[in-house]
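Source file structure.txt; content: compact mmCIF, C-alpha atoms.
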# COMPACT_ATOMS: atom_id res chain seq x y z
CA MET A 1 33.34 50.09 -34.54
CA ASN A 2 36.41 52.26 -34.20
CA PRO A 3 39.26 50.25 -35.73
CA ARG A 4 41.62 51.46 -33.00
CA GLN A 5 39.31 50.23 -30.29
CA ALA A 6 39.80 46.56 -29.47
CA PRO A 7 36.56 44.60 -29.62
CA PRO A 8 35.25 43.45 -26.27
CA ARG A 9 36.21 39.92 -25.35
CA VAL A 10 33.10 37.83 -25.27
CA HIS A 11 32.55 34.31 -24.10
CA TYR A 12 31.97 31.57 -26.66
CA GLU A 13 28.19 31.32 -27.09
CA ASN A 14 26.91 28.00 -25.82
CA ALA A 15 23.58 28.98 -24.31
CA ALA A 16 21.68 30.18 -27.38
CA PRO A 17 23.94 29.99 -30.44
CA ASN A 18 21.02 29.99 -32.90
CA SER A 19 18.86 32.61 -31.21
CA TYR A 20 16.89 34.90 -33.51
CA GLU A 21 18.61 37.75 -31.69
CA TRP A 22 21.79 37.15 -33.73
CA THR A 23 19.86 37.16 -37.00
CA GLU A 24 18.10 40.41 -36.07
CA ARG A 25 21.37 42.03 -35.04
CA ALA A 26 23.07 40.79 -38.19
CA TYR A 27 20.29 42.29 -40.31
CA ASP A 28 20.74 45.66 -38.57
CA LEU A 29 24.50 45.46 -39.22
CA LEU A 30 23.88 44.60 -42.89
CA VAL A 31 21.58 47.59 -43.31
CA ALA A 32 24.11 49.80 -41.53
CA GLY A 33 26.85 48.57 -43.86
CA LYS A 34 28.94 47.12 -41.04
CA LEU A 35 28.35 43.60 -42.30
CA ARG A 36 28.39 42.63 -45.97
CA ALA A 37 27.03 39.59 -47.77
CA GLY A 38 27.00 38.56 -51.38
CA VAL A 39 27.45 35.74 -53.83
CA VAL A 40 30.54 35.90 -56.05
CA THR A 41 31.05 33.77 -59.14
CA HIS A 42 34.52 32.66 -60.23
CA SER A 43 34.74 30.48 -63.33
CA GLY A 44 31.12 29.52 -62.91
CA ILE A 45 31.44 28.47 -59.26
CA GLN A 46 29.27 30.43 -56.83
CA THR A 47 30.57 31.27 -53.38
CA ALA A 48 28.63 33.05 -50.65
CA GLU A 49 30.78 35.47 -48.71
CA VAL A 50 29.86 37.26 -45.50
CA SER A 51 32.36 39.58 -43.88
CA GLY A 52 32.33 42.38 -41.38
CA GLU A 53 31.16 42.81 -37.83
CA CYS A 54 29.86 39.72 -36.07
CA PRO A 55 26.55 40.35 -34.26
CA HIS A 56 27.95 38.66 -31.17
CA CYS A 57 31.70 39.19 -30.84
CA THR A 58 32.11 42.10 -33.34
CA HIS A 59 35.13 40.40 -34.91
CA ASP A 60 35.23 39.78 -38.65
CA VAL A 61 32.68 37.04 -39.43
CA ASN A 62 34.94 35.76 -42.22
CA PHE A 63 32.36 33.28 -43.55
CA ARG A 64 32.53 31.61 -46.96
CA GLN A 65 30.50 28.80 -48.40
CA VAL A 66 30.80 27.28 -51.85
CA LEU A 67 27.28 27.00 -53.23
CA ASP A 68 28.07 24.55 -56.03
CA ALA A 69 28.95 20.90 -55.69
CA ALA A 70 29.08 17.76 -57.75
CA SER A 71 27.88 14.42 -56.54
CA ARG A 72 27.43 10.92 -57.92
CA GLU A 73 23.75 11.58 -58.28
CA ASN A 74 23.80 14.89 -60.08
CA THR A 75 25.15 18.40 -59.89
CA GLY A 76 23.38 21.15 -58.06
CA THR A 77 23.52 24.44 -56.27
CA LEU A 78 22.66 25.04 -52.65
CA GLY A 79 19.62 27.27 -52.56
CA ALA A 80 18.81 26.65 -56.21
CA ARG A 81 15.53 24.95 -55.42
CA GLU A 82 13.53 28.01 -56.27
CA THR A 83 10.19 28.29 -54.63
CA ALA A 84 7.78 31.18 -54.48
CA ALA A 85 9.39 32.22 -51.20
CA ASP A 86 13.02 32.35 -52.29
CA VAL A 87 13.05 33.40 -55.92
CA ASP A 88 14.45 36.82 -55.13
CA TYR A 89 16.79 36.08 -52.22
CA VAL A 90 19.50 33.57 -51.40
CA PRO A 91 19.09 32.33 -47.82
CA LEU A 92 22.39 31.76 -46.05
CA THR A 93 23.04 30.12 -42.71
CA VAL A 94 26.12 31.90 -41.45
CA ALA A 95 28.47 30.86 -38.67
CA CYS A 96 30.89 33.31 -37.13
CA SER A 97 34.29 32.13 -38.32
CA CYS A 98 36.44 34.76 -36.68
CA THR A 99 39.99 33.81 -35.84
CA GLU A 100 40.09 35.56 -32.46
CA SER A 101 40.15 33.55 -29.26
CA HIS A 102 37.04 33.19 -27.13
CA THR A 103 36.93 31.73 -23.66
CA GLY A 104 34.81 28.62 -23.40
CA ARG A 105 35.41 27.59 -26.99
CA PRO A 106 35.39 23.78 -27.26
CA PRO A 107 38.85 22.29 -27.84
CA ALA A 108 37.77 20.73 -31.14
CA VAL A 109 36.76 24.13 -32.54
CA ASN A 110 39.48 26.50 -33.69
CA HIS A 111 37.47 29.49 -34.90
CA GLY A 112 34.32 31.49 -34.33
CA CYS A 113 32.45 32.74 -31.30
CA GLY A 114 29.73 30.11 -31.51
CA VAL A 115 26.81 31.98 -33.05
CA ASN A 116 24.86 31.15 -36.17
CA PHE A 117 22.53 33.52 -37.94
CA ARG A 118 20.52 33.81 -41.12
CA VAL A 119 21.17 36.27 -43.94
CA ASP A 120 18.87 36.70 -46.92
CA VAL A 121 20.77 38.42 -49.72
CA ARG A 122 19.19 39.46 -53.01
CA ARG A 123 20.05 37.20 -55.93
CA ASN A 124 22.63 38.42 -58.40
CA VAL A 125 24.25 40.61 -55.78
CA GLY A 126 27.98 40.04 -55.77
CA THR A 127 30.73 41.68 -53.85
CA GLY A 128 32.31 43.28 -56.89
CA ARG A 129 34.74 40.39 -57.34
CA ASP A 130 32.81 38.30 -59.88
CA ARG A 131 34.67 36.87 -62.87
CA MET B 1 -1.89 55.37 -76.29
CA ALA B 2 -1.53 53.18 -73.20
CA SER B 3 1.45 54.15 -71.11
CA GLU B 4 4.04 51.48 -70.28
CA PRO B 5 3.84 49.99 -66.80
CA PRO B 6 6.42 51.42 -64.42
CA PRO B 7 9.52 49.26 -63.90
CA PRO B 8 9.37 47.13 -60.77
CA ALA B 9 10.97 48.80 -57.81
CA GLU B 10 14.36 47.25 -57.07
CA LEU B 11 14.30 44.93 -54.13
CA PRO B 12 16.45 45.84 -51.15
CA ARG B 13 19.83 44.16 -51.04
CA TYR B 14 18.98 42.32 -47.82
CA ARG B 15 15.75 40.93 -46.45
CA LYS B 16 15.11 40.34 -42.78
CA PRO B 17 14.76 36.57 -42.22
CA PRO B 18 11.62 35.59 -40.33
CA GLY B 19 13.53 33.47 -37.84
CA GLY B 20 16.92 32.29 -36.72
CA PRO B 21 18.63 29.21 -38.13
CA THR B 22 16.93 25.92 -37.40
CA GLU B 23 18.62 22.60 -36.76
CA ALA B 24 17.72 21.63 -40.33
CA ASN B 25 19.42 24.77 -41.67
CA LEU B 26 22.59 24.00 -39.71
CA GLU B 27 22.58 20.39 -40.81
CA ASP B 28 22.06 21.43 -44.43
CA ARG B 29 24.98 23.81 -44.22
CA ASP B 30 27.32 21.26 -42.66
CA ARG B 31 26.29 18.43 -44.94
CA TRP B 32 26.62 20.68 -47.97
CA SER B 33 30.16 21.62 -46.89
CA ALA B 34 30.99 17.93 -46.63
CA LEU B 35 29.42 17.31 -50.05
CA THR B 36 31.48 20.13 -51.53
CA ASP B 37 34.65 18.72 -50.03
CA GLN B 38 33.90 15.27 -51.44
CA SER B 39 32.86 16.51 -54.89
CA LEU B 40 36.03 15.64 -56.76
CA ALA B 41 36.65 12.26 -55.11
CA SER B 42 32.99 11.32 -55.52
CA VAL B 43 32.86 12.18 -59.22
CA ARG B 44 36.19 10.49 -59.91
CA ALA B 45 34.99 7.30 -58.19
CA ALA B 46 31.73 7.37 -60.13
CA ALA B 47 33.60 8.01 -63.38
CA GLU B 48 35.86 5.03 -62.74
CA LYS B 49 32.86 2.74 -62.30
CA TRP B 50 31.26 4.14 -65.43
CA ARG B 51 34.50 3.68 -67.37
CA VAL B 52 34.68 0.01 -66.39
CA GLY B 53 31.00 -0.48 -67.13
CA LEU B 54 31.14 1.25 -70.50
CA ALA B 55 34.22 -0.77 -71.51
CA ALA B 56 32.36 -3.94 -70.54
CA TYR B 57 29.41 -2.95 -72.74
CA VAL B 58 31.71 -2.29 -75.69
CA THR B 59 33.49 -5.61 -75.11
CA LEU B 60 30.18 -7.45 -74.96
CA VAL B 61 28.86 -5.99 -78.18
CA THR B 62 32.10 -6.20 -80.14
CA GLY B 63 32.38 -9.81 -78.94
CA GLY B 64 29.21 -10.49 -80.90
CA LEU B 65 30.93 -9.24 -84.04
CA PHE B 66 33.90 -11.54 -83.57
CA LEU B 67 31.66 -14.53 -82.95
CA LYS B 68 30.69 -14.41 -86.59
CA GLY B 69 34.31 -13.80 -87.56
CA PRO B 70 36.08 -11.35 -89.87
CA GLN B 71 36.47 -14.16 -92.40
CA ALA B 72 32.72 -14.26 -92.93
CA ALA B 73 32.72 -10.54 -93.68
CA SER B 74 35.34 -10.94 -96.38
CA ASP B 75 33.01 -13.33 -98.21
CA LEU B 76 30.38 -10.60 -98.58
CA ALA B 77 29.81 -8.55 -101.70
CA THR B 78 31.58 -5.17 -101.71
CA SER B 79 28.39 -3.19 -101.25
CA TRP B 80 27.42 -5.23 -98.16
CA ARG B 81 30.95 -5.01 -96.81
CA LEU B 82 30.77 -1.25 -97.16
CA ALA B 83 27.40 -1.23 -95.43
CA LEU B 84 29.01 -3.17 -92.58
CA THR B 85 32.23 -1.20 -92.41
CA ILE B 86 30.57 2.16 -91.88
CA PRO B 87 28.65 1.34 -88.67
CA ILE B 88 31.30 -0.99 -87.24
CA ALA B 89 34.32 1.21 -87.95
CA GLY B 90 32.32 4.28 -86.90
CA GLY B 91 31.24 2.50 -83.75
CA LEU B 92 34.83 1.60 -82.94
CA LEU B 93 36.02 5.18 -83.40
CA VAL B 94 33.19 6.61 -81.31
CA ALA B 95 33.74 3.94 -78.62
CA ILE B 96 37.44 4.79 -78.45
CA ALA B 97 36.61 8.50 -78.08
CA GLY B 98 33.99 7.74 -75.42
CA LEU B 99 36.25 5.48 -73.39
CA TRP B 100 39.06 8.01 -73.67
CA LEU B 101 36.79 10.70 -72.19
CA ALA B 102 35.63 8.29 -69.46
CA LEU B 103 39.26 7.58 -68.62
CA GLN B 104 39.98 11.29 -68.50
CA ALA B 105 37.00 11.85 -66.20
CA ALA B 106 38.11 9.04 -63.88
CA ALA B 107 41.83 9.67 -63.79
CA GLY B 108 42.17 13.36 -64.58
CA THR B 109 45.27 14.80 -66.14
CA PRO B 110 48.20 15.61 -63.87
CA ARG B 111 49.43 19.14 -64.44
CA ARG B 112 51.28 21.89 -62.69
CA LEU B 113 49.18 24.24 -60.56
CA ASN B 114 49.88 27.55 -58.94
CA LEU B 115 48.05 28.58 -55.78
CA VAL B 116 47.92 32.26 -56.72
CA GLN B 117 46.50 31.50 -60.15
CA VAL B 118 44.01 28.99 -58.75
CA VAL B 119 42.76 31.47 -56.16
CA ALA B 120 42.61 34.28 -58.72
CA ARG B 121 40.65 32.21 -61.21
CA PHE B 122 38.38 30.17 -58.97
CA GLY B 123 38.27 32.16 -55.73
CA GLY B 124 39.79 29.38 -53.63
CA VAL B 125 41.09 25.83 -53.64
CA ARG B 126 37.75 24.35 -52.63
CA GLN B 127 36.09 26.13 -55.55
CA PHE B 128 38.82 24.78 -57.84
CA GLU B 129 38.07 21.24 -56.68
CA VAL B 130 34.36 21.73 -57.32
CA ALA B 131 35.11 23.14 -60.78
CA ALA B 132 37.34 20.13 -61.51
CA ALA B 133 34.58 17.80 -60.33
CA LEU B 134 32.00 19.51 -62.52
CA GLN B 135 34.38 19.30 -65.48
CA ALA B 136 34.90 15.58 -64.83
CA ALA B 137 31.12 15.14 -64.60
CA ALA B 138 30.73 16.92 -67.97
CA LEU B 139 33.38 14.65 -69.53
CA LEU B 140 31.58 11.63 -68.15
CA ARG B 141 28.28 12.80 -69.65
CA TRP B 142 29.97 13.06 -73.07
CA ALA B 143 31.62 9.67 -72.57
CA ARG B 144 28.27 8.02 -71.81
CA LEU B 145 26.69 9.67 -74.83
CA LEU B 146 29.51 8.59 -77.16
CA VAL B 147 29.55 5.01 -75.90
CA ALA B 148 25.77 4.84 -76.28
CA VAL B 149 26.11 6.04 -79.88
CA SER B 150 28.88 3.50 -80.50
CA LEU B 151 26.73 0.68 -79.13
CA LEU B 152 23.90 1.69 -81.45
CA LEU B 153 26.34 1.67 -84.37
CA PHE B 154 27.62 -1.78 -83.39
CA VAL B 155 24.09 -3.12 -83.11
CA ALA B 156 23.26 -1.60 -86.51
CA GLY B 157 26.35 -3.34 -87.91
CA LEU B 158 25.34 -6.68 -86.39
CA VAL B 159 21.79 -6.45 -87.68
CA THR B 160 23.08 -5.52 -91.12
CA TRP B 161 25.36 -8.56 -91.03
CA TRP B 162 22.47 -10.86 -90.19
CA TRP B 163 20.61 -9.68 -93.29
CA ALA B 164 23.61 -9.79 -95.59
CA PRO B 165 23.30 -12.49 -98.27
CA GLY B 166 25.78 -15.32 -98.25
Same coordinates, now as structure tokens:
Amino acid sequence: MNPRQAPPRVHYENAAPNSYEWTERAYDLLVAGKLRAGVVTHSGIQTAEVSGECPHCTHDVNFRQVLDAASRENTGTLGARETAADVDYVPLTVACSCTESHTGRPPAVNHGCGVNFRVDVRRNVGTGRDR
Amino acid sequence: MASEPPPPAELPRYRKPPGGPTEANLEDRDRWSALTDQSLASVRAAAEKWRVGLAAYVTLVTGGLFLKGPQAASDLATSWRLALTIPIAGGLLVAIAGLWLALQAAAGTPRRLNLVQVVARFGGVRQFEVAAALQAAALLRWARLLVAVSLLLFVAGLVTWWWAPG
């Protein structure tokens, strides 16, 4: 997307927010380098970060999720339950968290364009900001 | 000479998911975010209960020592007194260390923070809270271990006392 060109204003997605279409488009954007995903580690705490062009609204996805937590039961890491299917990749469920306005956005929601998509990023791939 | 197998080809950075997010995926994500947010409060609350429980255990076992009375110990031969002093005094020291760590896990230590430094070191405030929770959980693990060791020492002291002549 040309940075000088304003992204088209799109309606908040209510009809099919979890459609596979968004995941497919997101994958194409990842391969094209317009969307980036990775897991950064700061002081031992893993955070998934996805930034770049949203497959729906084209604004910055601006998604972060801390993958570590502590609970009364035990400590764990989201996605750490390694099975044969996910040894090599970290599956992320991403929500567009752009800060632009979208018509039709519910009053209780203050960010995003409504879509959710999946990203599978190879393990041990950071964003160059690991510490 | 057999040639070495070729190195495995590096996997692509991204893999195309076979489907879009399911309701379970979305629920997992949202519940995990809530769990992350509650990490510190949850661990602190658990640590407080553990601290009270561990202190009660120590009180219970040391109460057994006082039932027999320090006076009775002074009547023992020096060698038996020494055999009693080591586990009981050791148990007390280890119990104090364990309860101190449990208190630290439950209450934390107030200190000055700087947003820029926190973000630079942990990547964000939420990550800092998770790191603090994990640190408290680690302290609590040590506290439980130390109090368990102290209870064993107290029990060893009590059993030794039972067998002491006089």
- [ ] Provide the atom CA of Val119 of chain A to atom CA of Leu92 of chain A distance in Å, to one decimal place.
- [x] 5.1 Å
Task: Top pick for closest residue to Gly52 of chain A, considering A:Glu13, A:His102, A:Ala32, A:Val121 and counting all atoms listed in the file - done: A:Ala32
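Remark: for His111 of chain A, the closest of the candidate residues A:Arg36, A:Val61, A:Ala69, A:Thr93 is A:Val61 (distances computed over all atoms listed in the file).
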Near chain A, 8 Å: chain B residue rows, closest pairs, only C-alpha atoms, as CSV:
residue,atom,partner,partner_atom,distance
B:Leu11,CA,A:Arg122,CA,7.4
B:Pro12,CA,A:Arg122,CA,7.2
B:Arg13,CA,A:Arg122,CA,5.1
B:Tyr14,CA,A:Val121,CA,4.7
B:Arg15,CA,A:Asp120,CA,5.3
B:Lys16,CA,A:Tyr27,CA,6.1
B:Pro17,CA,A:Asp120,CA,6.2
B:Gly19,CA,A:Tyr20,CA,5.7
B:Gly20,CA,A:Tyr20,CA,4.1
B:Pro21,CA,A:Arg118,CA,5.8
B:Thr22,CA,A:Asn18,CA,7.3
B:Asn25,CA,A:Thr93,CA,6.5
B:Leu26,CA,A:Thr93,CA,6.8
B:Arg29,CA,A:Thr93,CA,6.8
B:Trp32,CA,A:Leu78,CA,7.5
B:Ser33,CA,A:Gln65,CA,7.3
B:Leu35,CA,A:Ala69,CA,6.7
B:Thr36,CA,A:Ala69,CA,4.9
B:Gln38,CA,A:Ser71,CA,7.9
B:Ser39,CA,A:Ala70,CA,4.9
B:Leu40,CA,A:Ala70,CA,7.3
B:Ser42,CA,A:Ser71,CA,6.1
B:Val43,CA,A:Arg72,CA,5.7
B:Ala46,CA,A:Arg72,CA,6.0
B:Arg121,CA,A:His42,CA,6.2
B:Phe122,CA,A:His42,CA,4.8
B:Gly123,CA,A:His42,CA,5.9
B:Arg126,CA,A:Val66,CA,7.6
B:Gln127,CA,A:Ile45,CA,6.4
B:Val130,CA,A:Ala69,CA,5.7
B:Ala131,CA,A:Ile45,CA,6.6
B:Ala133,CA,A:Ala70,CA,6.1
B:Leu134,CA,A:Ala70,CA,5.9
B:Ala137,CA,A:Ala70,CA,7.6
Task: Nearby residues (all atoms listed in the file) at most 8 Å from His59 of chain A, same-chain spacing under 3 positions excluded, as an MDAnalysis selection string - done: chainID A and resid 7 52:54 98 100
- [ ] Figure out the distance between atom CA of Ala95 of chain B and atom CA of Trp163 of chain B, please, to one decimal in Å.
- [x] 23.9 Å
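If you look at atom CA of Ala83 of chain B and atom CA of Tyr57 of chain B, they are 22.8 Å away from each other.
Closest approach to Arg105 of chain A among A:Arg64, A:His56, A:Lys34, A:His11: A:His11, based on only C-alpha atoms.
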Task: Best match for closeness to Leu101 of chain B among B:Phe154, B:Leu115, B:Gly64, B:Ala55, counting all atoms listed in the file - done: B:Ala55
